[in-house]
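See below for model_6.cif, which holds mmCIF, C-alpha atoms.
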```cif
data_my_file
loop_
_atom_site.label_atom_id
_atom_site.label_comp_id
_atom_site.auth_asym_id
_atom_site.auth_seq_id
_atom_site.Cartn_x
_atom_site.Cartn_y
_atom_site.Cartn_z
CA MET C 135 0.00 0.00 0.00
CA VAL C 136 2.85 2.38 0.86
CA ASN C 137 4.59 1.66 -2.45
CA ARG C 138 1.41 2.32 -4.41
CA SER C 139 0.92 5.57 -2.47
CA LEU C 140 4.46 6.63 -3.24
CA ASP C 141 3.96 5.93 -6.94
CA TYR C 142 0.85 8.14 -6.84
CA LEU C 143 2.76 10.94 -5.09
CA ARG C 144 5.68 10.76 -7.53
CA ASN C 145 3.25 11.40 -10.38
CA ILE C 146 0.80 13.63 -8.52
CA GLU C 147 0.73 16.21 -11.32
CA SER C 148 -0.90 13.75 -13.73
CA TYR C 149 -3.89 13.42 -11.40
CA PHE C 150 -4.74 17.13 -11.11
CA PRO C 151 -8.20 18.05 -12.46
CA SER C 152 -7.95 20.41 -15.41
CA TRP C 153 -9.73 23.23 -13.59
CA TYR C 154 -7.21 23.41 -10.70
CA GLY C 155 -5.37 26.75 -10.66
CA THR C 156 -1.60 27.22 -10.67
CA ASP C 157 -1.38 27.99 -6.94
CA ALA C 158 -3.35 24.89 -5.98
CA ARG C 159 -1.20 22.71 -8.25
CA ARG C 160 2.03 24.03 -6.78
CA GLY C 161 0.69 23.62 -3.26
CA LEU C 162 -0.28 19.99 -3.84
CA SER C 163 3.04 19.23 -5.51
CA SER C 164 4.88 20.72 -2.52
CA TYR C 165 2.75 18.74 -0.10
CA ALA C 166 3.39 15.53 -2.05
CA LEU C 167 7.15 16.12 -1.82
CA TYR C 168 6.81 16.69 1.94
CA VAL C 169 4.91 13.41 2.42
CA ARG C 170 7.49 11.56 0.32
CA LYS C 171 10.20 12.96 2.58
CA LEU C 172 8.36 11.59 5.62
CA LEU C 173 8.28 8.19 3.90
CA ARG C 174 12.05 8.42 3.20
CA ASP C 175 11.56 8.92 -0.52
CA ASP C 176 13.48 12.18 -0.86
CA ASP C 177 13.35 14.08 -4.13
CA PRO C 178 15.24 17.36 -3.51
CA SER C 179 15.89 17.83 -7.21
CA LYS C 180 12.17 18.06 -7.97
CA ALA C 181 11.62 20.34 -4.98
CA ARG C 182 14.43 22.65 -6.08
CA SER C 183 13.07 22.76 -9.63
CA LEU C 184 9.66 23.75 -8.30
CA VAL C 185 11.18 26.67 -6.36
CA VAL C 186 13.18 27.84 -9.38
CA GLU C 187 10.24 27.50 -11.77
CA ALA C 188 7.67 29.28 -9.58
CA GLY C 189 9.89 31.76 -7.72
CA LEU C 190 9.60 32.43 -4.01
CA GLU C 191 7.06 35.23 -4.49
CA SER C 192 4.67 32.92 -6.33
CA LEU C 193 4.70 30.11 -3.77
CA SER C 194 2.42 30.11 -0.73
CA LEU C 195 4.10 30.11 2.66
CA GLU C 196 2.71 26.62 3.29
CA SER C 197 4.39 25.44 0.08
CA LEU C 198 7.64 27.05 1.16
CA GLY C 199 7.41 25.29 4.51
CA TRP C 200 6.92 21.89 2.90
CA LEU C 201 9.73 22.50 0.39
CA LEU C 202 12.12 23.79 3.05
CA PHE C 203 11.46 20.59 5.01
CA VAL C 204 12.56 18.62 1.93
CA LEU C 205 15.60 20.71 0.97
CA THR C 206 17.15 21.61 4.32
CA ASP C 207 19.69 18.76 4.45
CA ASP C 208 20.41 18.57 0.70
CA ALA C 209 23.95 19.78 -0.03
CA ALA C 210 23.12 20.82 -3.59
CA SER C 211 20.25 23.04 -2.43
CA GLN C 212 21.95 25.21 0.19
CA SER C 213 21.88 28.42 -1.86
CA THR C 214 18.16 27.90 -2.47
CA VAL C 215 17.62 27.13 1.23
CA THR C 216 19.40 30.35 2.21
CA GLU C 217 17.08 32.39 -0.02
CA MET C 218 14.04 30.60 1.39
CA ARG C 219 15.15 31.27 4.97
CA ARG C 220 15.51 34.99 4.24
CA PHE C 221 12.17 35.14 2.45
CA ILE C 222 10.30 33.41 5.28
CA SER C 223 12.04 35.40 8.03
CA ASN C 224 10.98 38.67 6.38
CA ARG C 225 7.36 37.60 6.72
CA VAL C 226 7.46 36.73 10.40
CA THR C 227 5.76 39.30 12.60
CA GLU C 228 7.27 39.24 16.09
CA THR C 229 6.31 40.74 19.42
CA ALA C 230 8.38 40.51 22.59
CA GLY C 231 7.11 37.00 23.32
CA ALA C 232 5.31 35.55 20.29
CA ALA C 233 5.36 35.42 16.51
CA THR C 234 2.95 34.85 13.62
CA ILE C 235 3.52 34.76 9.89
CA ALA C 236 1.82 37.09 7.45
CA SER C 237 0.27 35.00 4.70
CA SER C 238 -2.13 35.61 1.82
CA TYR C 239 -3.75 33.26 -0.67
CA SER C 240 -5.60 33.34 -3.95
CA ASP C 241 -9.23 32.44 -4.55
CA GLY C 242 -8.38 28.85 -5.49
CA ASP C 243 -6.68 28.03 -2.23
CA TYR C 244 -9.90 26.75 -0.65
CA LEU C 245 -8.94 23.53 -2.46
CA LEU C 246 -6.03 23.18 -0.04
CA LEU C 247 -8.15 23.93 3.05
CA HIS C 248 -5.78 26.77 3.88
CA SER C 249 -5.83 28.72 7.14
CA ASN C 250 -3.46 31.15 8.83
CA ARG C 251 -2.85 28.91 11.83
CA ARG C 252 -2.08 25.96 9.57
CA ALA C 253 0.48 28.05 7.68
CA ASP C 254 2.14 28.98 10.99
CA ALA C 255 2.23 25.30 11.99
CA VAL C 256 3.70 24.11 8.68
CA LEU C 257 6.47 26.70 8.87
CA LEU C 258 7.11 25.94 12.55
CA GLU C 259 7.71 22.29 11.70
CA ALA C 260 10.09 23.26 8.89
CA LEU C 261 12.02 25.68 11.12
CA VAL C 262 12.40 23.10 13.90
CA VAL C 263 14.16 20.86 11.37
CA ASP C 264 16.01 23.57 9.46
CA GLN C 265 16.88 26.16 12.15
CA PRO C 266 16.39 24.60 15.60
CA ASP C 267 18.42 27.39 17.26
CA SER C 268 16.30 30.19 15.80
CA ASP C 269 14.65 32.54 18.31
CA GLN C 270 11.56 32.44 16.11
CA VAL C 271 10.86 28.77 16.93
CA PRO C 272 9.68 29.22 20.56
CA LYS C 273 7.92 32.44 19.58
CA LEU C 274 5.91 30.64 16.88
CA VAL C 275 5.00 27.99 19.46
CA ARG C 276 3.73 30.65 21.83
CA GLY C 277 1.86 32.35 19.01
CA LEU C 278 0.08 29.11 18.13
CA LEU C 279 -0.78 28.37 21.75
CA GLY C 280 -2.13 31.89 22.18
CA HIS C 281 -4.58 31.42 19.30
CA ARG C 282 -6.44 28.56 20.98
CA THR C 283 -10.07 29.01 21.97
CA ALA C 284 -11.36 26.62 24.64
CA GLY C 285 -8.24 24.50 24.18
CA ARG C 286 -8.45 24.07 20.42
CA TRP C 287 -8.00 25.90 17.14
CA SER C 288 -10.57 26.88 14.54
CA ASN C 289 -11.03 23.62 12.60
CA THR C 290 -9.80 20.07 12.11
CA GLN C 291 -7.05 21.05 9.68
CA GLU C 292 -5.62 23.57 12.13
CA ASN C 293 -5.85 21.14 15.05
CA VAL C 294 -4.02 18.38 13.19
CA TRP C 295 -1.24 20.50 11.71
CA VAL C 296 -0.62 22.46 14.90
CA LEU C 297 -0.44 19.25 16.95
CA LEU C 298 1.96 17.71 14.42
CA ALA C 299 4.19 20.79 14.58
CA LEU C 300 4.09 20.89 18.38
CA ASP C 301 4.93 17.19 18.50
CA ARG C 302 7.94 17.88 16.29
CA TYR C 303 8.92 20.68 18.66
CA PHE C 304 8.41 18.40 21.68
CA GLN C 305 10.58 15.65 20.23
CA ALA C 306 13.34 18.16 19.44
CA PHE C 307 13.35 20.16 22.68
CA GLU C 308 11.26 18.40 25.30
CA SER C 309 12.29 14.77 24.94
CA GLN C 310 14.18 14.92 28.25
CA THR C 311 12.08 14.88 31.40
CA PRO C 312 12.86 18.07 33.36
CA ASP C 313 15.20 17.58 36.28
CA PHE C 314 17.15 20.77 36.84
CA VAL C 315 17.80 23.68 39.17
CA ALA C 316 17.27 27.25 37.98
CA ARG C 317 19.22 30.10 39.61
CA ILE C 318 19.04 33.86 39.16
CA TRP C 319 21.65 36.53 39.85
CA LEU C 320 21.19 40.29 39.56
CA GLY C 321 24.64 41.67 39.16
CA GLU C 322 26.73 39.82 41.73
CA GLN C 323 23.76 39.45 44.09
CA PHE C 324 22.17 35.99 44.25
CA ALA C 325 18.38 36.40 43.94
CA ALA C 326 16.68 32.99 43.85
CA SER C 327 16.96 29.25 43.24
CA ARG C 328 14.29 26.70 42.37
CA ALA C 329 14.36 22.97 41.51
CA PHE C 330 12.10 21.56 38.78
CA GLN C 331 11.44 17.82 38.56
CA GLY C 332 9.01 16.10 36.24
CA ARG C 333 6.57 17.57 33.76
CA SER C 334 4.22 20.19 35.12
CA THR C 335 2.34 23.31 34.05
CA ASP C 336 3.28 25.05 37.30
CA ASN C 337 5.19 28.30 37.12
CA VAL C 338 7.14 30.16 39.76
CA GLY C 339 7.37 33.92 40.08
CA LEU C 340 9.98 36.13 41.70
CA ASP C 341 9.27 39.82 42.37
CA LEU C 342 12.24 42.08 43.04
CA PRO C 343 11.36 45.55 44.41
CA MET C 344 12.90 48.48 42.59
CA GLN C 345 14.51 49.53 45.88
CA PHE C 346 16.45 46.23 45.90
CA VAL C 347 17.65 46.85 42.34
CA HIS C 348 18.67 50.40 43.26
CA GLU C 349 20.61 49.28 46.34
CA ILE C 350 22.69 46.65 44.59
CA SER C 351 23.36 48.81 41.53
CA GLY C 352 24.66 51.71 43.62
CA ASP C 353 26.35 54.36 41.53
CA ALA C 354 27.40 51.97 38.77
CA GLU C 355 27.25 53.60 35.34
CA ASP C 356 27.02 50.32 33.44
CA ASP C 357 23.81 48.32 33.06
CA LEU C 358 23.21 45.76 35.80
CA PRO C 359 23.50 42.24 34.30
CA LEU C 360 20.77 39.65 34.87
CA LEU C 361 22.03 36.06 34.87
CA ILE C 362 19.72 33.05 34.61
CA GLN C 363 21.38 29.63 34.95
CA LYS C 364 20.01 26.12 34.43
CA GLN C 365 21.84 23.13 35.85
CA GLY C 366 20.51 19.71 34.88
CA GLN C 367 18.48 18.26 32.02
CA GLY C 368 15.30 19.62 30.55
CA ARG C 369 14.23 22.93 29.03
CA LEU C 370 13.78 26.11 31.08
CA TYR C 371 11.22 28.72 30.00
CA TYR C 372 11.23 32.14 31.60
CA ARG C 373 9.79 35.62 31.19
CA VAL C 374 11.34 38.85 32.43
CA GLY C 375 9.08 41.86 32.88
CA LEU C 376 9.18 45.25 34.59
CA ARG C 377 6.23 46.93 36.31
CA TYR C 378 6.66 50.60 37.04
CA ALA C 379 4.84 53.84 37.80
CA PRO C 380 5.83 56.95 35.83
CA VAL C 381 7.04 59.95 37.80
CA ASP C 382 5.58 62.36 35.25
CA LEU C 383 1.86 62.46 34.45
CA SER C 384 2.56 63.84 30.97
CA LEU C 385 3.34 60.72 28.96
CA GLY C 386 3.99 60.57 25.26
CA PRO C 387 2.43 58.00 22.92
CA ALA C 388 4.02 54.54 22.73
CA ASP C 389 3.84 51.82 20.07
CA HIS C 390 5.00 48.36 21.16
CA GLY C 391 2.55 46.30 19.11
CA PHE C 392 -0.45 48.66 18.95
CA THR C 393 -0.99 52.24 17.84
CA VAL C 394 -3.74 54.08 19.72
CA GLU C 395 -5.18 57.57 19.14
CA ARG C 396 -7.93 59.43 21.04
CA ILE C 397 -10.05 62.47 20.22
CA TYR C 398 -13.05 64.18 21.82
CA GLU C 399 -15.97 65.22 19.59
CA ALA C 400 -19.01 67.38 20.24
CA VAL C 401 -22.37 65.63 20.02
CA ASP C 402 -25.11 68.29 20.15
CA ASP C 403 -23.31 71.55 19.25
CA PRO C 404 -19.98 71.77 17.39
CA ALA C 405 -19.00 74.64 19.69
CA ASP C 406 -19.16 72.40 22.76
CA VAL C 407 -15.69 70.96 22.16
CA ARG C 408 -12.57 72.60 20.80
CA ARG C 409 -8.82 72.00 20.96
CA ASP C 410 -6.30 74.82 21.11
CA GLU C 411 -2.86 74.95 19.53
CA ASP C 412 -1.22 73.54 22.66
CA GLY C 413 -3.38 70.41 22.50
CA LEU C 414 -5.57 71.43 25.46
CA TRP C 415 -9.19 70.31 25.13
CA HIS C 416 -11.96 72.78 26.09
CA ILE C 417 -15.39 71.26 26.80
CA ARG C 418 -18.51 73.17 27.82
CA ALA C 419 -19.94 72.07 31.16
CA GLY C 420 -23.10 69.98 30.70
CA ALA C 421 -22.28 69.07 27.09
CA ARG C 422 -22.33 65.56 25.72
CA VAL C 423 -19.02 64.37 24.29
CA ARG C 424 -18.15 61.45 22.09
CA VAL C 425 -14.80 59.91 23.03
CA LYS C 426 -13.42 58.21 19.94
CA LEU C 427 -10.47 55.80 20.02
CA THR C 428 -8.64 54.50 16.96
CA MET C 429 -6.53 51.36 17.42
CA ALA C 430 -4.22 49.84 14.81
CA ALA C 431 -2.69 46.36 14.99
CA PRO C 432 0.03 45.55 12.43
CA SER C 433 -0.61 41.79 12.73
CA ARG C 434 -2.95 39.34 14.42
CA ARG C 435 -3.39 39.81 18.16
CA VAL C 436 -5.07 37.64 20.80
CA HIS C 437 -6.86 38.44 24.08
CA VAL C 438 -6.86 42.18 23.43
CA ALA C 439 -8.04 44.79 25.95
CA LEU C 440 -8.61 48.43 25.01
CA VAL C 441 -8.95 50.61 28.12
CA ASP C 442 -9.61 54.36 28.23
CA PRO C 443 -9.38 56.05 31.66
CA LEU C 444 -11.89 58.86 32.10
CA PRO C 445 -10.84 62.35 33.24
CA ALA C 446 -12.49 63.21 36.55
CA GLY C 447 -14.64 65.99 35.07
CA LEU C 448 -16.53 63.60 32.75
CA GLU C 449 -19.05 60.85 33.41
CA ILE C 450 -19.86 58.02 31.01
CA LEU C 451 -23.40 57.83 29.63
CA ASN C 452 -24.44 54.19 29.59
CA PRO C 453 -27.02 53.67 26.80
CA ASP C 454 -28.34 50.51 28.52
CA LEU C 455 -29.71 52.55 31.42
CA ALA C 456 -33.29 53.79 31.14
CA VAL C 457 -32.35 57.26 32.41
CA THR C 458 -29.91 57.79 29.51
CA ALA C 459 -31.24 59.52 26.43
CA ASP C 460 -30.98 57.68 23.14
CA PRO C 461 -27.48 58.27 21.75
CA PRO C 462 -26.87 59.48 18.19
CA ARG C 463 -25.96 56.77 15.73
CA ASP C 464 -22.32 55.66 15.71
CA SER C 465 -21.95 52.02 14.75
CA ASN C 466 -18.22 51.70 15.53
CA ARG C 467 -17.97 49.89 12.23
CA THR C 468 -14.55 49.40 10.70
CA GLN C 469 -13.02 47.83 7.64
CA THR C 470 -10.58 45.06 8.62
CA GLY C 471 -9.56 44.01 5.11
CA ARG C 472 -11.67 40.84 5.28
CA ARG C 473 -15.31 41.90 5.92
CA TRP C 474 -17.43 44.53 7.58
CA TRP C 475 -18.20 43.94 11.24
CA ASP C 476 -20.71 45.92 13.28
CA SER C 477 -18.28 45.88 16.17
CA TRP C 478 -14.84 44.35 16.50
CA TYR C 479 -15.07 43.74 20.24
CA GLN C 480 -16.88 40.88 21.95
CA HIS C 481 -17.56 42.59 25.25
CA GLN C 482 -17.39 46.07 26.77
CA ASN C 483 -17.58 47.57 30.24
CA LEU C 484 -18.66 51.17 30.89
CA ARG C 485 -17.41 51.91 34.39
CA ASP C 486 -17.35 55.02 36.57
CA GLU C 487 -13.72 55.79 35.80
CA ARG C 488 -12.97 54.02 32.51
CA ALA C 489 -14.36 52.35 29.39
CA GLU C 490 -13.15 48.88 28.37
CA ALA C 491 -13.50 46.76 25.23
CA PHE C 492 -12.28 43.18 24.86
CA THR C 493 -11.84 40.61 22.12
CA SER C 494 -10.20 37.20 22.13
CA TYR C 495 -8.96 37.55 18.52
CA LEU C 496 -8.09 40.60 16.47
CA TRP C 497 -7.14 40.58 12.81
CA ALA C 498 -4.51 43.01 11.59
CA GLY C 499 -6.19 46.30 10.75
CA VAL C 500 -7.50 49.62 12.03
CA TYR C 501 -10.41 49.68 14.49
CA GLN C 502 -12.55 52.33 16.13
CA TYR C 503 -14.28 52.35 19.49
CA SER C 504 -16.35 55.19 20.91
CA TYR C 505 -18.60 55.96 23.84
CA LEU C 506 -20.56 58.95 25.14
CA ALA C 507 -19.75 61.02 28.20
CA ARG C 508 -21.05 64.21 29.76
CA ALA C 509 -18.92 67.06 31.13
CA THR C 510 -20.31 67.37 34.65
CA THR C 511 -17.69 69.19 36.73
CA PRO C 512 -15.98 72.48 35.81
CA GLY C 513 -12.21 72.53 36.28
CA ALA C 514 -8.92 71.35 34.80
CA PHE C 515 -8.36 67.60 34.56
CA VAL C 516 -5.84 65.03 33.36
CA ALA C 517 -6.95 62.30 30.93
CA PRO C 518 -4.47 59.42 31.38
CA PRO C 519 -3.39 57.63 28.19
CA ALA C 520 -5.76 55.13 26.60
CA LYS C 521 -4.03 51.77 26.31
CA ALA C 522 -4.36 48.63 24.20
CA GLU C 523 -2.56 45.43 25.19
CA GLU C 524 -2.54 41.67 24.93
CA MET C 525 -3.77 40.78 28.41
CA TYR C 526 -1.61 37.66 28.78
CA ALA C 527 1.41 39.23 27.09
CA PRO C 528 1.31 42.82 28.39
CA GLU C 529 4.68 43.60 26.83
CA THR C 530 2.70 43.89 23.57
CA PHE C 531 0.92 47.20 24.06
CA GLY C 532 0.39 50.73 22.80
CA ARG C 533 -0.97 53.93 24.29
CA THR C 534 -1.99 57.48 23.48
CA LYS C 535 -0.33 60.47 25.01
CA THR C 536 -1.67 62.14 28.14
CA ASP C 537 -4.41 64.66 27.38
CA ARG C 538 -5.46 67.65 29.47
CA ILE C 539 -9.05 68.83 29.58
CA VAL C 540 -10.69 72.01 30.83
CA VAL C 541 -14.42 71.89 31.53
CA VAL C 542 -15.74 75.47 31.37
CA VAL C 543 -19.12 76.90 32.30
CA SER C 544 -19.13 79.00 29.13
CA ASP C 545 -16.47 79.38 26.46
#
```

Give the structure from this file in structure tokens form.
Amino acid sequence: MVNRSLDYLRNIESYFPSWYGTDARRGLSSYALYVRKLLRDDDPSKARSLVVEAGLESLSLESLGWLLFVLTDDAASQSTVTEMRRFISNRVTETAGAATIASSYSDGDYLLLHSNRRADAVLLEALVVDQPDSDQVPKLVRGLLGHRTAGRWSNTQENVWVLLALDRYFQAFESQTPDFVARIWLGEQFAASRAFQGRSTDNVGLDLPMQFVHEISGDAEDDLPLLIQKQGQGRLYYRVGLRYAPVDLSLGPADHGFTVERIYEAVDDPADVRRDEDGLWHIRAGARVRVKLTMAAPSRRVHVALVDPLPAGLEILNPDLAVTADPPRDSNRTQTGRRWWDSWYQHQNLRDERAEAFTSYLWAGVYQYSYLARATTPGAFVAPPAKAEEMYAPETFGRTKTDRIVVVVSD
């Protein structure tokens, strides 16, 4: 049966229906070469010819993953492999802790049951074999794990390919049962030690107060080194983060995975809201204001929270309350590049001091979110930056600058 299957795969092109497009044909040919490799029937010459004939730009990323898997250990294909590595690396979108791969497909690719998660998984498997020391390998793993919903991915194809890729990763990096001691030094100061034995999902945290860091750094001009050591067998995973409070209330915008902008608009009378040359917002007391946030994500994001703190002189108008007048129409609709959605978020909270919007999955694109507020208290107030972040990877975030607002009785 295996020999008959191999004969079919060697001549896969002769079995294509006439109406299959070029992209689908190349994808199936690449997949056939990958399966032959798994069955120890290598054909790097055919794989290399396919790359040369089509060109890297004309091959899907899934096809490139399958072909890289075939060519990686072929001596005659190393120049081609080098070009493929560069091409794939340029399409990896990385954050501080995770990575995804930007992919696009033609109309005929439904024949291959394509999906974004499957493309990530195919390339992860190829990279584990081709570049096991690449920093992108563990990041792709984390990216795939972050895209689960209720412990699984979107469909059967994604589930199977992701599990195959993660199994490949496990066999390469997790085959040894953990039995090691992890130690941490900050400068020359020993900070912590912990033994890990057996497989577990437990994690251990160590919080070091900033005062401790300041005391051991002293007046040193050089950066204080952080040393993490593992002694024993098994793989150590760690995350280093810094939580801090700014000393200055006037913060500038920041883009570390999201871009966020905020404006205030008049609702009933255009004269109710104005902004002077210095960026100071003037709002008439008693006026209704629409707070409009624009959030941009350069690539797919998961478990996203958009939070806008309210300046003390404003109060949110909750449209679900009977005492709130009907708001003017503002559908928060946005074009994501795939389809129109009435709202991008799955849930929102309108609280006394902030507005929040959440979604478990966010496509790359530009999104808007708005809510109504009323200027209730005259005075000068600070509007802290609005912030977007991945809740379980807060190092991926973005914020607006600090705004200042004056609520005036008449202006």

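Picture a line from atom CA of Ser544 of chain C to atom CA of Asp403 of chain C; it runs 13.1 Å.
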
Mind checking which residues fall within 7 Å of Ala431 of chain C, counting all atoms listed in the file, ignoring those fewer than 2 positions away in the same chain, and posting them as a JSON list (two decimals) with C-alpha atoms, keeping the file's coordinate frame?
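Ended up saving to result_29.json:
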```
[["chain", "number", "residue", "atom", "x", "y", "z"],
["C", 391, "GLY", "CA", 2.55, 46.30, 19.11],
["C", 392, "PHE", "CA", -0.45, 48.66, 18.95],
["C", 393, "THR", "CA", -0.99, 52.24, 17.84],
["C", 429, "MET", "CA", -6.53, 51.36, 17.42],
["C", 433, "SER", "CA", -0.61, 41.79, 12.73],
["C", 498, "ALA", "CA", -4.51, 43.01, 11.59],
["C", 499, "GLY", "CA", -6.19, 46.30, 10.75],
["C", 500, "VAL", "CA", -7.50, 49.62, 12.03]]
```

Determine the residue membership of the PyMOL selection byres ((chain C and resi 388) around 7) for the file above and supply it as a VMD selection string. chain C and resid 386 to 387 389 to 390 532 to 534

Matched chain/residue IDs from the PyMOL selection byres ((chain C and resi 495) around 9), as number ranges by chain: C: 281, 434-438, 479, 493-494, 496-497

Around the point (4.0, 19.2, 12.4) (coordinates from the file), which residues reach within 12 Å if we count all atoms listed in the file? Answer as a PyMOL selection string. chain C and resi 168-169+172+196+199-200+203+251-263+275+291-306

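Between atom CA of Pro445 of chain C and atom CA of Ala517 of chain C lies a distance of 4.5 Å.
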